[in-house]
Amino acid sequence: MHRKQNFIFSLLAIVTAVALFVSFFTAGEASKRETTRLMRDIGFNLRIIPIETDMEKFWATGFSEYTMPENYVYDFASHEGLSYAHLTAMLQKKVSWRGIEVILTGIAPEVSPPGMQKPPMVFSIERGTVYIGFELVRNLGLKNGDVIDIFDKPFTIAQCLSESGSEDDIRIYAHLHDVQNIMNMENKINEIKALQCLCFVNGENINSVTLLREQLARFLPDAKVILMQSIASARENQRLMTEEYFGFIMPIVLVVCMVWIGVLAIMNVQERRQEIGIMRALGYGSGKIALLFLGKAVAIALVGAVVGFGIGTGLALKFGPDIFKVTANTIKPTIELLYWSLIASPAVCALSFFIPAMIAITQDPAITLREE
Amino acid sequence: MVRLEKVSKIYRTRRGNVKALDEVSLHIKENEFAVVRGPSGSGKTTLLLSIGGMLRPTEGKVIANGRDIYATSKQERAKFRAENIGFIFQLFHLVPYLNIIENVLLPVGVGKNWPGRTDARKLLERLNLSERDYHKPSELSAGEKQRTAIARALLNQPRIILADEPTGNLDPENAGQIIGYLSEFHRGGGTVIVVTHGMVADQYADRIIYLRDGQIEKSFENK
C-alpha cells in the first residue's frame with residue numbers, strides 16, 4: 001500500500017511539473033503572440049520626419065512642414081539587416097476644402113520586411129478613393145460611394161469613418177500618390193511611421209527599438225527619429241516581464257518537483273531497507289540495486305511525461321482561449337513539448353533519485369538484516 | 001570450505017564500542033551441518049553475516065574456497081554470495097509486494113545459473129507451496145513464509161546455507177519441517193550453518209558450537 005502511495009505521489013510530482021511546463025509553454029506562446037498583437041494595436045512607436053522640422057510646430061500641428069524623398073522608405077526597406085516590422089510613408093497637409101480646414105493625408109501601401117508580410121497597420125487605400133473623417137461626413141452629409149472633388153480631382157468615398165475623438169475626425173485619407181498629385185509634391189513625403197514589432201525579427205528581440213533608431217539615423221541622414229518613449233518602454237517592459245515571469249516560475253516548479261520526488265525516493269529507500277538488504281544478501285551488486293531505483297525513476301518519468309503532456313495541453317486548450325482572446329485560435333497542442341517532456345522528465349527524475357539511489361547502495365545490509 | 005582466522009568485529013556506537021566477535025577461529029568443512037548456539041548478544045548473527053560476506057570483520061580473515069573474501073571487491077563478494085550462499089532469516093525478509101513465485105525468483109540473474117519459473121515451481125512443490133505461488137507473503141502462515149524463504153535460498157543451488165534463527169518464529173511442527181528441509185539440503189551435499197536456540201536441529205548436526213561474549217565457548221562433534 002505504501003509502495004503504491006509512493007508511486008502515485010512520485011507520478012503526481014512528475015505529472016504536475018510536466019503539466020505546468022506544457023500548459024505554460026503552450027499558452028505562453030499565445031501570450032507572446034497576444035502581447036505582440038496588443039502592442040501593435042497601440043500604434044506606431046517611431047515617427048521619422050525631415051531633419052529640418054521645427055519640433056514646436058510639429059507638435060502643434062501634428063505633422064512636419066518640410067518634406068523628404070519618398071524613396072527614403074523604399075531605400076530603408078530594401079536595406080538588408082534592418083529590424084523593422086512595418087513602414088508607412090505619409091504626406092499630410094492642412095488644406096481648406098469646401099470651406100472647412102481638413103488634414104489631407106496621403107498613405108502609401110505599407111512596406112513589410114521581405115518574407116514577413118503582415119496585416120497592414122493602417123488603411124490600405126486604393127488609388128482614386130478616399131476615407132473621410134467623422135466630422136466631415138457629418139457636416140457635409142457624405143456617405144459611402146459618393147464621388148467628391150478634391151482640388152478638381154474626382155474621388156469615390158470608400159469609407160466614412162466613425163468618430164475617433166481626435167484630429168482624425170477632420171482628415172481625408174487618400175493614396176499617397178493621389179495626394180502628391182493633388183498637392184504637386186511628387187515623390188515627397190513628410191513622415192514615415194514605423195512599428196518595431198518587438199519579437200520575431202530575425203530571432204533578435206533585445207533592444208530592438210534602439211537598434212532600429214540607430215539604423216535609421218545611419219541610413220537616412222536627412223531624417224530625424226522620434227521615439228515614442230513611453231509606449232516603446234511599455235512594450236519592452238511588458239515583453240521582458242513576460243519572459244522574466246517564465247524564467248522565474250519554471251526553475252521554481254522544476255526545483256520543487258525535484259525535491260518532492262527526491263524526498264519520496266528517500267522515503268522509498270527507507271521503506272525498502274530490508275528488501276535492499278535481502279537483495280544484497282542474495283548477491284545483487286550495487287549497480288543492479290541502483291539500476292532498480294533509477295529504472296523506476298525513468299519508468300515513472302515516462303508515464304508522467306505522457307500524462308502531464310496530456311493534462312497540460314488540455315488545460316492550455318481549455319483555459320488559454322479565455323485568457324488570450326485575440327490569439328485563441330493559435331493555441332494548439334505542441335508535439336515538440338511531448339518530445340522534450342520525454343527527454344527532460346527522465347533526466348530530472350534520475351537526478352532526483354540519484355541521492356536516494358546512492359543511499360540504497362551504500363547502506364549496510366548487515367545492519368538492516370540484523371534488525372528485528 | 002570456510003575458515004575464520006582470528007575474526008573480531010567491533011560495532012562502534014554512540015554509547016561506546018561493542019565487541020560482537022572476539023578473535024574467533026573456526027573451520028567449517030564441506031558438507032558439514034553446524035549448529036551455532038549461544039545467548040542473545042553472543043555474536044551468532046554477526047558470525048553468520050561475516051561468513052556470508054555481508055559484514056566485514058574489524059580484524060581477522062574469512063577464507064572461503066581458499067580466498068579471503070574481504071580482500072576482494074564488493075562486486076566479487078556479491079558474486080560469491082550469489083553463487084555459493086543461500087541466506088535464511090528468522091523474519092523471512094520476503095518482499096511484501098511480490099507474490100510467492102516472484103519472491104522465489106528474486107535471485108534470478110545474479111548467480112551462475114539462470115533458473116526459471118519451472119525450477120521455482122519444482123522447489124515450491126517440494127516445499128508444499130505449489131498452491132500458494134500467486135499469494136502475497138501477507139497471505140501466508142509463518143511456516144509457509146519460511147518455506148518460501150528456503151525455496152528462494154535454494155533456487156541458485158548454493159553450496160552453503162546460512163540460516164539465522166530459521167525456526168524462531170515457528171511452532172514446533174513447522175520448526176521440525178524447516179530443519180528437515182535443511183537436513184535434506186545437507187544430505188544432498190550442501191553445507192549448513194544454522195544459528196538456533198531450538199534443539200530440533202541437534203539431531204542432524206555434525207557439530208555444535210557454543211558462542212558466549214563473542215568467543216567460542218565450546219565446539220564439539222555431535223556424532
# chains A, B, ... in the order shown; residues from 1 in each chain; ligands from 1

$ interface_residues --of "chain B" --to "chain A" --cutoff "7 Å" --atoms "only C-alpha atoms" --output "list in words"
Leu49, Met54, Leu55, Gln75, Ala78, Lys79, Arg81, Ala82, Phe87, His93, Val95, Pro107 and Val110 of chain B

$ select_by_dssp --residues "range 127-357 of chain A" --states "strand (DSSP E)" --output "MDAnalysis selection string"
chainID A and resid 129:132 147:150 153:160 171:175 188:189 191:195 223:227

$ write_last_selection --atoms "N, CA, C and O atoms" --output "compact mmCIF listing (two decimals), in the first residue's frame"
# COMPACT_ATOMS: atom_id res chain seq x y z
N THR A 129 -9.70 56.60 -54.44
CA THR A 129 -10.71 56.51 -53.36
C THR A 129 -10.21 57.27 -52.14
O THR A 129 -9.00 57.54 -52.02
N VAL A 130 -11.14 57.59 -51.27
CA VAL A 130 -10.75 58.29 -50.02
C VAL A 130 -11.53 57.72 -48.83
O VAL A 130 -12.59 57.11 -49.00
N TYR A 131 -10.95 57.92 -47.64
CA TYR A 131 -11.66 57.65 -46.39
C TYR A 131 -11.90 59.02 -45.77
O TYR A 131 -10.97 59.83 -45.68
N ILE A 132 -13.10 59.23 -45.31
CA ILE A 132 -13.45 60.57 -44.80
C ILE A 132 -13.67 60.52 -43.29
O ILE A 132 -14.37 59.64 -42.78
N VAL A 147 -19.16 60.47 -54.91
CA VAL A 147 -17.96 60.93 -55.62
C VAL A 147 -17.77 62.40 -55.28
O VAL A 147 -18.70 63.20 -55.41
N ILE A 148 -16.59 62.71 -54.81
CA ILE A 148 -16.32 64.10 -54.41
C ILE A 148 -15.13 64.61 -55.20
O ILE A 148 -14.29 63.82 -55.65
N ASP A 149 -15.05 65.92 -55.35
CA ASP A 149 -13.89 66.53 -56.00
C ASP A 149 -12.96 67.08 -54.93
O ASP A 149 -13.41 67.76 -54.00
N ILE A 150 -11.71 66.76 -55.07
CA ILE A 150 -10.72 67.38 -54.18
C ILE A 150 -9.70 68.06 -55.10
O ILE A 150 -8.98 67.36 -55.84
N LYS A 153 -10.05 67.00 -58.62
CA LYS A 153 -9.84 65.59 -58.97
C LYS A 153 -10.96 64.78 -58.33
O LYS A 153 -11.21 64.94 -57.12
N PRO A 154 -11.62 63.91 -59.11
CA PRO A 154 -12.74 63.14 -58.53
C PRO A 154 -12.25 61.93 -57.71
O PRO A 154 -11.31 61.26 -58.11
N PHE A 155 -12.89 61.75 -56.57
CA PHE A 155 -12.57 60.59 -55.70
C PHE A 155 -13.87 59.96 -55.20
O PHE A 155 -14.84 60.66 -54.94
N THR A 156 -13.84 58.67 -55.11
CA THR A 156 -15.01 57.95 -54.57
C THR A 156 -14.78 57.72 -53.07
O THR A 156 -13.68 57.32 -52.66
N ILE A 157 -15.81 57.97 -52.29
CA ILE A 157 -15.67 57.74 -50.84
C ILE A 157 -15.77 56.22 -50.59
O ILE A 157 -16.83 55.62 -50.80
N ALA A 158 -14.66 55.65 -50.19
CA ALA A 158 -14.64 54.19 -49.92
C ALA A 158 -15.15 53.90 -48.51
O ALA A 158 -15.75 52.86 -48.26
N GLN A 159 -14.92 54.84 -47.62
CA GLN A 159 -15.37 54.59 -46.25
C GLN A 159 -15.54 55.89 -45.47
O GLN A 159 -14.69 56.78 -45.53
N CYS A 160 -16.69 55.98 -44.81
CA CYS A 160 -16.91 57.10 -43.89
C CYS A 160 -16.52 56.59 -42.50
O CYS A 160 -17.08 55.59 -42.01
N ARG A 171 -9.86 64.46 -41.07
CA ARG A 171 -8.91 64.01 -42.08
C ARG A 171 -9.63 63.47 -43.31
O ARG A 171 -10.73 62.92 -43.21
N ILE A 172 -8.95 63.67 -44.43
CA ILE A 172 -9.32 62.94 -45.64
C ILE A 172 -8.11 62.08 -45.97
O ILE A 172 -7.02 62.60 -46.22
N TYR A 173 -8.31 60.77 -45.91
CA TYR A 173 -7.23 59.84 -46.23
C TYR A 173 -7.34 59.44 -47.70
O TYR A 173 -8.43 59.12 -48.18
N ALA A 174 -6.18 59.48 -48.37
CA ALA A 174 -6.16 59.04 -49.77
C ALA A 174 -4.84 58.32 -50.02
O ALA A 174 -3.96 58.30 -49.15
N HIS A 175 -4.73 57.72 -51.18
CA HIS A 175 -3.47 57.06 -51.53
C HIS A 175 -2.38 58.14 -51.62
O HIS A 175 -2.63 59.26 -52.06
N LYS A 188 7.30 63.22 -52.75
CA LYS A 188 7.61 63.84 -51.46
C LYS A 188 6.74 63.23 -50.34
O LYS A 188 5.57 62.91 -50.58
N ILE A 189 7.34 63.10 -49.22
CA ILE A 189 6.59 62.67 -48.02
C ILE A 189 7.06 63.53 -46.84
O ILE A 189 8.13 64.17 -46.93
N GLU A 191 6.52 62.17 -43.52
CA GLU A 191 6.64 61.32 -42.34
C GLU A 191 6.67 59.84 -42.75
O GLU A 191 6.01 59.44 -43.70
N ILE A 192 7.50 59.11 -42.05
CA ILE A 192 7.43 57.65 -42.15
C ILE A 192 7.06 57.15 -40.77
O ILE A 192 7.72 57.52 -39.78
N LYS A 193 6.01 56.39 -40.69
CA LYS A 193 5.66 55.80 -39.40
C LYS A 193 6.15 54.36 -39.40
O LYS A 193 6.02 53.64 -40.39
N ALA A 194 6.70 53.97 -38.27
CA ALA A 194 7.29 52.62 -38.21
C ALA A 194 6.92 51.93 -36.90
O ALA A 194 6.91 52.55 -35.84
N LEU A 195 6.61 50.69 -37.04
CA LEU A 195 6.40 49.88 -35.83
C LEU A 195 7.51 48.84 -35.75
O LEU A 195 7.70 48.05 -36.67
N ALA A 223 16.87 62.68 -42.06
CA ALA A 223 15.64 62.45 -41.29
C ALA A 223 15.96 62.41 -39.81
O ALA A 223 17.10 62.16 -39.42
N LYS A 224 14.96 62.71 -39.03
CA LYS A 224 15.14 62.55 -37.59
C LYS A 224 14.09 61.57 -37.07
O LYS A 224 13.00 61.43 -37.68
N VAL A 225 14.43 60.96 -36.00
CA VAL A 225 13.57 59.89 -35.49
C VAL A 225 13.02 60.29 -34.13
O VAL A 225 13.77 60.70 -33.24
N ILE A 226 11.73 60.22 -34.03
CA ILE A 226 11.11 60.49 -32.73
C ILE A 226 10.67 59.15 -32.14
O ILE A 226 9.90 58.42 -32.78
N LEU A 227 11.20 58.89 -31.01
CA LEU A 227 10.83 57.63 -30.35
C LEU A 227 9.73 57.91 -29.35
O LEU A 227 9.87 58.78 -28.49

$ residues_around --residues "Asn268 in chain A" --least-positions-apart "6" --cutoff "12 Å" --atoms "only C-alpha atoms" --output "ChimeraX atom specification"
/A:2-7,9-10,261-262,274-276,293,296-297,353,355-357,359-360

$ residues_around --residues "range 66-71 of chain B" --least-positions-apart "3" --cutoff "10 Å" --atoms "only C-alpha atoms" --output "PDB file with N, CA and C atoms, in the first residue's frame"
ATOM      1  N   MET B   1      36.238 -25.704   3.759  1.00  0.00           N
ATOM      2  CA  MET B   1      35.250 -24.925   2.987  1.00  0.00           C
ATOM      3  C   MET B   1      35.241 -23.453   3.406  1.00  0.00           C
ATOM      4  N   VAL B   2      34.981 -23.213   4.687  1.00  0.00           N
ATOM      5  CA  VAL B   2      35.040 -21.839   5.210  1.00  0.00           C
ATOM      6  C   VAL B   2      35.905 -21.840   6.461  1.00  0.00           C
ATOM      7  N   ARG B   3      36.865 -20.922   6.478  1.00  0.00           N
ATOM      8  CA  ARG B   3      37.741 -20.855   7.650  1.00  0.00           C
ATOM      9  C   ARG B   3      37.801 -19.418   8.182  1.00  0.00           C
ATOM     10  N   LEU B   4      37.593 -19.289   9.463  1.00  0.00           N
ATOM     11  CA  LEU B   4      37.711 -17.973  10.095  1.00  0.00           C
ATOM     12  C   LEU B   4      39.016 -17.939  10.883  1.00  0.00           C
ATOM     13  N   GLU B   5      39.802 -16.901  10.647  1.00  0.00           N
ATOM     14  CA  GLU B   5      41.086 -16.784  11.354  1.00  0.00           C
ATOM     15  C   GLU B   5      41.088 -15.530  12.214  1.00  0.00           C
ATOM     16  N   SER B  50      29.245 -12.458   8.769  1.00  0.00           N
ATOM     17  CA  SER B  50      30.663 -12.369   8.396  1.00  0.00           C
ATOM     18  C   SER B  50      31.034 -13.508   7.458  1.00  0.00           C
ATOM     19  N   ILE B  51      30.561 -14.711   7.785  1.00  0.00           N
ATOM     20  CA  ILE B  51      30.832 -15.862   6.917  1.00  0.00           C
ATOM     21  C   ILE B  51      30.215 -15.641   5.531  1.00  0.00           C
ATOM     22  N   GLY B  52      29.035 -14.979   5.519  1.00  0.00           N
ATOM     23  CA  GLY B  52      28.317 -14.767   4.254  1.00  0.00           C
ATOM     24  C   GLY B  52      28.851 -13.612   3.424  1.00  0.00           C
ATOM     25  N   GLY B  53      29.901 -12.974   3.870  1.00  0.00           N
ATOM     26  CA  GLY B  53      30.460 -11.865   3.085  1.00  0.00           C
ATOM     27  C   GLY B  53      29.635 -10.600   3.175  1.00  0.00           C
ATOM     28  N   MET B  54      28.811 -10.529   4.226  1.00  0.00           N
ATOM     29  CA  MET B  54      27.943  -9.361   4.371  1.00  0.00           C
ATOM     30  C   MET B  54      28.466  -8.363   5.397  1.00  0.00           C
ATOM     31  N   LEU B  55      29.374  -8.790   6.225  1.00  0.00           N
ATOM     32  CA  LEU B  55      29.812  -7.932   7.326  1.00  0.00           C
ATOM     33  C   LEU B  55      31.319  -8.059   7.486  1.00  0.00           C
ATOM     34  N   ARG B  56      32.003  -6.995   7.128  1.00  0.00           N
ATOM     35  CA  ARG B  56      33.469  -7.032   7.169  1.00  0.00           C
ATOM     36  C   ARG B  56      33.962  -7.066   8.614  1.00  0.00           C
ATOM     37  N   PRO B  57      34.785  -8.039   8.982  1.00  0.00           N
ATOM     38  CA  PRO B  57      35.310  -8.074  10.352  1.00  0.00           C
ATOM     39  C   PRO B  57      36.239  -6.886  10.604  1.00  0.00           C
ATOM     40  N   GLY B  60      41.009  -9.908  11.362  1.00  0.00           N
ATOM     41  CA  GLY B  60      40.950 -11.319  11.010  1.00  0.00           C
ATOM     42  C   GLY B  60      40.515 -11.557   9.572  1.00  0.00           C
ATOM     43  N   LYS B  61      40.494 -12.834   9.199  1.00  0.00           N
ATOM     44  CA  LYS B  61      40.176 -13.198   7.821  1.00  0.00           C
ATOM     45  C   LYS B  61      39.044 -14.221   7.780  1.00  0.00           C
ATOM     46  N   VAL B  62      38.254 -14.124   6.740  1.00  0.00           N
ATOM     47  CA  VAL B  62      37.252 -15.157   6.455  1.00  0.00           C
ATOM     48  C   VAL B  62      37.658 -15.758   5.114  1.00  0.00           C
ATOM     49  N   ILE B  63      38.088 -17.010   5.149  1.00  0.00           N
ATOM     50  CA  ILE B  63      38.602 -17.624   3.923  1.00  0.00           C
ATOM     51  C   ILE B  63      37.597 -18.652   3.416  1.00  0.00           C
ATOM     52  N   LYS B  74      33.608  -5.415  -3.526  1.00  0.00           N
ATOM     53  CA  LYS B  74      32.191  -5.599  -3.166  1.00  0.00           C
ATOM     54  C   LYS B  74      31.481  -6.439  -4.221  1.00  0.00           C
ATOM     55  N   GLU B  76      32.804  -8.626  -6.227  1.00  0.00           N
ATOM     56  CA  GLU B  76      33.223 -10.036  -6.163  1.00  0.00           C
ATOM     57  C   GLU B  76      32.553 -10.755  -4.997  1.00  0.00           C
ATOM     58  N   ARG B  77      32.380 -10.012  -3.890  1.00  0.00           N
ATOM     59  CA  ARG B  77      31.695 -10.619  -2.733  1.00  0.00           C
ATOM     60  C   ARG B  77      30.230 -10.902  -3.070  1.00  0.00           C
ATOM     61  N   PHE B  80      30.214 -13.892  -5.101  1.00  0.00           N
ATOM     62  CA  PHE B  80      30.472 -15.046  -4.231  1.00  0.00           C
ATOM     63  C   PHE B  80      29.178 -15.478  -3.522  1.00  0.00           C
TER      64      PHE B  80
END

$ residues_around --residues "range 66-74 of chain A" --least-positions-apart "5" --cutoff "9 Å" --atoms "only C-alpha atoms" --output "list in words"
Ile49, Pro50, Ile51, Glu52, Thr53, Asp54, His79, Leu87, Thr88, Ala89, Met90, Leu91, Val111, Glu186, Asn187, Lys188, Ile189, Asn190, Glu191, Ile192, Phe219, Leu220, Asp222 and Ala223 of chain A

$ atom_distance --atom1 "CA of Gly189 in chain B" --atom2 "CA of Ile160 in chain B"
9.5 Å

$ atom_distance --atom1 "CA of Asn99 in chain B" --atom2 "CA of Arg132 in chain B"
8.7 Å

$ closest_residue --among "B:Ile100, B:Leu127, B:Val192, B:Leu91" --to "Lys29 in chain B" --atoms "only C-alpha atoms"
B:Val192

$ residues_around --residues "Gly190 in chain B" --least-positions-apart "6" --cutoff "12 Å" --atoms "only C-alpha atoms" --output "list of chain:residue names"
B:Met1, B:Ile28, B:Lys29, B:Glu30, B:Asn31, B:Glu32, B:Phe33, B:Ala34, B:Asn84, B:Ile85, B:Gly86, B:Leu154, B:Gln157, B:Pro158, B:Arg159, B:Ile160, B:Ile161, B:Leu162, B:Tyr181, B:Leu182, B:Ser183, B:Glu184

$ write_last_selection --atoms "N, CA and C atoms" --output "PDB file, in the first residue's frame"
ATOM      1  N   MET B   1      36.238 -25.704   3.759  1.00  0.00           N
ATOM      2  CA  MET B   1      35.250 -24.925   2.987  1.00  0.00           C
ATOM      3  C   MET B   1      35.241 -23.453   3.406  1.00  0.00           C
ATOM      4  N   ILE B  28      34.753 -24.623   9.061  1.00  0.00           N
ATOM      5  CA  ILE B  28      33.545 -25.376   8.681  1.00  0.00           C
ATOM      6  C   ILE B  28      33.919 -26.184   7.440  1.00  0.00           C
ATOM      7  N   LYS B  29      33.737 -27.503   7.553  1.00  0.00           N
ATOM      8  CA  LYS B  29      34.152 -28.377   6.438  1.00  0.00           C
ATOM      9  C   LYS B  29      33.030 -28.484   5.400  1.00  0.00           C
ATOM     10  N   GLU B  30      33.434 -28.924   4.228  1.00  0.00           N
ATOM     11  CA  GLU B  30      32.466 -29.150   3.146  1.00  0.00           C
ATOM     12  C   GLU B  30      31.463 -30.201   3.623  1.00  0.00           C
ATOM     13  N   ASN B  31      30.175 -29.975   3.325  1.00  0.00           N
ATOM     14  CA  ASN B  31      29.082 -30.886   3.655  1.00  0.00           C
ATOM     15  C   ASN B  31      28.955 -31.120   5.168  1.00  0.00           C
ATOM     16  N   GLU B  32      29.246 -30.061   5.895  1.00  0.00           N
ATOM     17  CA  GLU B  32      29.077 -30.142   7.348  1.00  0.00           C
ATOM     18  C   GLU B  32      27.765 -29.471   7.732  1.00  0.00           C
ATOM     19  N   PHE B  33      27.107 -29.989   8.743  1.00  0.00           N
ATOM     20  CA  PHE B  33      25.896 -29.370   9.292  1.00  0.00           C
ATOM     21  C   PHE B  33      26.287 -28.847  10.667  1.00  0.00           C
ATOM     22  N   ALA B  34      26.452 -27.538  10.762  1.00  0.00           N
ATOM     23  CA  ALA B  34      26.915 -26.952  12.022  1.00  0.00           C
ATOM     24  C   ALA B  34      25.796 -26.157  12.671  1.00  0.00           C
ATOM     25  N   ASN B  84      27.367 -19.012  -4.185  1.00  0.00           N
ATOM     26  CA  ASN B  84      27.709 -20.012  -3.164  1.00  0.00           C
ATOM     27  C   ASN B  84      26.793 -20.066  -1.956  1.00  0.00           C
ATOM     28  N   ILE B  85      26.083 -18.985  -1.690  1.00  0.00           N
ATOM     29  CA  ILE B  85      25.411 -18.907  -0.390  1.00  0.00           C
ATOM     30  C   ILE B  85      23.913 -18.665  -0.526  1.00  0.00           C
ATOM     31  N   GLY B  86      23.177 -19.346   0.329  1.00  0.00           N
ATOM     32  CA  GLY B  86      21.749 -19.084   0.460  1.00  0.00           C
ATOM     33  C   GLY B  86      21.481 -18.642   1.888  1.00  0.00           C
ATOM     34  N   LEU B 154      17.378 -21.735  -2.036  1.00  0.00           N
ATOM     35  CA  LEU B 154      17.844 -22.917  -2.773  1.00  0.00           C
ATOM     36  C   LEU B 154      17.875 -22.719  -4.290  1.00  0.00           C
ATOM     37  N   GLN B 157      20.972 -22.978  -6.278  1.00  0.00           N
ATOM     38  CA  GLN B 157      21.768 -24.162  -5.941  1.00  0.00           C
ATOM     39  C   GLN B 157      23.074 -23.783  -5.234  1.00  0.00           C
ATOM     40  N   PRO B 158      22.924 -23.196  -4.033  1.00  0.00           N
ATOM     41  CA  PRO B 158      24.128 -22.752  -3.323  1.00  0.00           C
ATOM     42  C   PRO B 158      24.911 -23.934  -2.748  1.00  0.00           C
ATOM     43  N   ARG B 159      26.124 -23.644  -2.339  1.00  0.00           N
ATOM     44  CA  ARG B 159      26.927 -24.684  -1.683  1.00  0.00           C
ATOM     45  C   ARG B 159      26.738 -24.621  -0.169  1.00  0.00           C
ATOM     46  N   ILE B 160      26.395 -23.437   0.311  1.00  0.00           N
ATOM     47  CA  ILE B 160      26.227 -23.255   1.756  1.00  0.00           C
ATOM     48  C   ILE B 160      24.883 -22.574   2.042  1.00  0.00           C
ATOM     49  N   ILE B 161      24.209 -23.072   3.069  1.00  0.00           N
ATOM     50  CA  ILE B 161      23.024 -22.361   3.572  1.00  0.00           C
ATOM     51  C   ILE B 161      23.397 -21.765   4.922  1.00  0.00           C
ATOM     52  N   LEU B 162      23.170 -20.456   5.046  1.00  0.00           N
ATOM     53  CA  LEU B 162      23.388 -19.795   6.329  1.00  0.00           C
ATOM     54  C   LEU B 162      22.008 -19.427   6.865  1.00  0.00           C
ATOM     55  N   TYR B 181      14.051 -29.704   6.014  1.00  0.00           N
ATOM     56  CA  TYR B 181      14.448 -29.268   4.672  1.00  0.00           C
ATOM     57  C   TYR B 181      15.943 -28.934   4.627  1.00  0.00           C
ATOM     58  N   LEU B 182      16.430 -28.332   5.717  1.00  0.00           N
ATOM     59  CA  LEU B 182      17.866 -28.015   5.767  1.00  0.00           C
ATOM     60  C   LEU B 182      18.687 -29.302   5.760  1.00  0.00           C
ATOM     61  N   SER B 183      18.174 -30.299   6.489  1.00  0.00           N
ATOM     62  CA  SER B 183      18.856 -31.595   6.544  1.00  0.00           C
ATOM     63  C   SER B 183      18.886 -32.247   5.160  1.00  0.00           C
ATOM     64  N   GLU B 184      17.770 -32.084   4.451  1.00  0.00           N
ATOM     65  CA  GLU B 184      17.673 -32.639   3.095  1.00  0.00           C
ATOM     66  C   GLU B 184      18.737 -32.004   2.185  1.00  0.00           C
TER      67      GLU B 184
END

$ residues_around --residues "Arg212 in chain B" --least-positions-apart "4" --cutoff "9 Å" --atoms "only C-alpha atoms" --output "MDAnalysis selection string"
chainID B and resid 37:44 216:217

$ write_last_selection --atoms "all heavy atoms" --output "mmCIF file, in the first residue's frame"
data_model
loop_
_atom_site.group_PDB
_atom_site.id
_atom_site.type_symbol
_atom_site.label_atom_id
_atom_site.label_comp_id
_atom_site.auth_asym_id
_atom_site.auth_seq_id
_atom_site.Cartn_x
_atom_site.Cartn_y
_atom_site.Cartn_z
ATOM 1 N N ARG B 37 24.991 -22.057 18.717
ATOM 2 C CA ARG B 37 24.117 -21.691 19.839
ATOM 3 C C ARG B 37 24.776 -20.603 20.681
ATOM 4 O O ARG B 37 25.989 -20.392 20.590
ATOM 5 C CB ARG B 37 23.913 -22.886 20.779
ATOM 6 C CG ARG B 37 23.131 -23.985 20.234
ATOM 7 C CD ARG B 37 22.786 -24.956 21.396
ATOM 8 N NE ARG B 37 22.180 -26.121 20.828
ATOM 9 C CZ ARG B 37 20.955 -26.105 20.313
ATOM 10 N NH1 ARG B 37 20.231 -25.007 20.320
ATOM 11 N NH2 ARG B 37 20.453 -27.198 19.786
ATOM 12 N N GLY B 38 23.971 -20.022 21.503
ATOM 13 C CA GLY B 38 24.521 -19.022 22.415
ATOM 14 C C GLY B 38 23.436 -18.062 22.847
ATOM 15 O O GLY B 38 22.409 -17.928 22.161
ATOM 16 N N PRO B 39 23.643 -17.375 23.946
ATOM 17 C CA PRO B 39 22.638 -16.415 24.412
ATOM 18 C C PRO B 39 22.552 -15.206 23.476
ATOM 19 O O PRO B 39 23.442 -14.990 22.643
ATOM 20 C CB PRO B 39 23.149 -16.006 25.795
ATOM 21 C CG PRO B 39 24.602 -16.311 25.787
ATOM 22 C CD PRO B 39 24.800 -17.440 24.832
ATOM 23 N N SER B 40 21.492 -14.416 23.633
ATOM 24 C CA SER B 40 21.344 -13.204 22.811
ATOM 25 C C SER B 40 22.547 -12.298 23.023
ATOM 26 O O SER B 40 23.022 -12.134 24.153
ATOM 27 C CB SER B 40 20.071 -12.448 23.209
ATOM 28 O OG SER B 40 18.957 -13.235 22.888
ATOM 29 N N GLY B 41 23.032 -11.723 21.936
ATOM 30 C CA GLY B 41 24.173 -10.807 22.032
ATOM 31 C C GLY B 41 25.509 -11.521 22.095
ATOM 32 O O GLY B 41 26.547 -10.883 22.312
ATOM 33 N N SER B 42 25.486 -12.826 21.853
ATOM 34 C CA SER B 42 26.758 -13.551 21.933
ATOM 35 C C SER B 42 27.554 -13.467 20.630
ATOM 36 O O SER B 42 28.700 -13.897 20.589
ATOM 37 C CB SER B 42 26.499 -15.023 22.297
ATOM 38 O OG SER B 42 25.662 -15.610 21.323
ATOM 39 N N GLY B 43 26.923 -12.939 19.563
ATOM 40 C CA GLY B 43 27.650 -12.739 18.304
ATOM 41 C C GLY B 43 27.291 -13.752 17.226
ATOM 42 O O GLY B 43 27.980 -13.828 16.196
ATOM 43 N N LYS B 44 26.191 -14.492 17.418
ATOM 44 C CA LYS B 44 25.827 -15.551 16.460
ATOM 45 C C LYS B 44 25.527 -14.974 15.063
ATOM 46 O O LYS B 44 26.050 -15.443 14.059
ATOM 47 C CB LYS B 44 24.587 -16.328 16.961
ATOM 48 C CG LYS B 44 24.732 -16.944 18.338
ATOM 49 C CD LYS B 44 23.524 -17.755 18.714
ATOM 50 C CE LYS B 44 22.252 -16.955 18.832
ATOM 51 N NZ LYS B 44 22.234 -16.004 19.937
ATOM 52 N N ILE B 216 34.169 -18.415 21.064
ATOM 53 C CA ILE B 216 33.664 -19.792 21.048
ATOM 54 C C ILE B 216 33.922 -20.394 22.426
ATOM 55 O O ILE B 216 35.070 -20.555 22.857
ATOM 56 C CB ILE B 216 34.348 -20.627 19.950
ATOM 57 C CG1 ILE B 216 33.960 -20.053 18.573
ATOM 58 C CG2 ILE B 216 33.940 -22.098 20.043
ATOM 59 C CD1 ILE B 216 34.598 -20.745 17.401
ATOM 60 N N GLU B 217 32.809 -20.672 23.094
ATOM 61 C CA GLU B 217 32.931 -21.219 24.447
ATOM 62 C C GLU B 217 33.290 -22.698 24.367
ATOM 63 O O GLU B 217 34.177 -23.176 25.043
ATOM 64 C CB GLU B 217 31.613 -21.019 25.201
ATOM 65 C CG GLU B 217 31.694 -21.344 26.666
ATOM 66 C CD GLU B 217 30.356 -21.130 27.347
ATOM 67 O OE1 GLU B 217 29.315 -21.522 26.769
ATOM 68 O OE2 GLU B 217 30.336 -20.580 28.448
#

$ atom_distance --atom1 "CA of Val18 in chain A" --atom2 "CA of Phe354 in chain A"
19.8 Å

$ select_by_dssp --residues "range 30-173 of chain B" --states "helix (DSSP H, G or I)" --output "PyMOL selection string"
chain B and resi 44-51+69-71+74-84+100-104+117-126+130-132+137-139+142-155+172-173
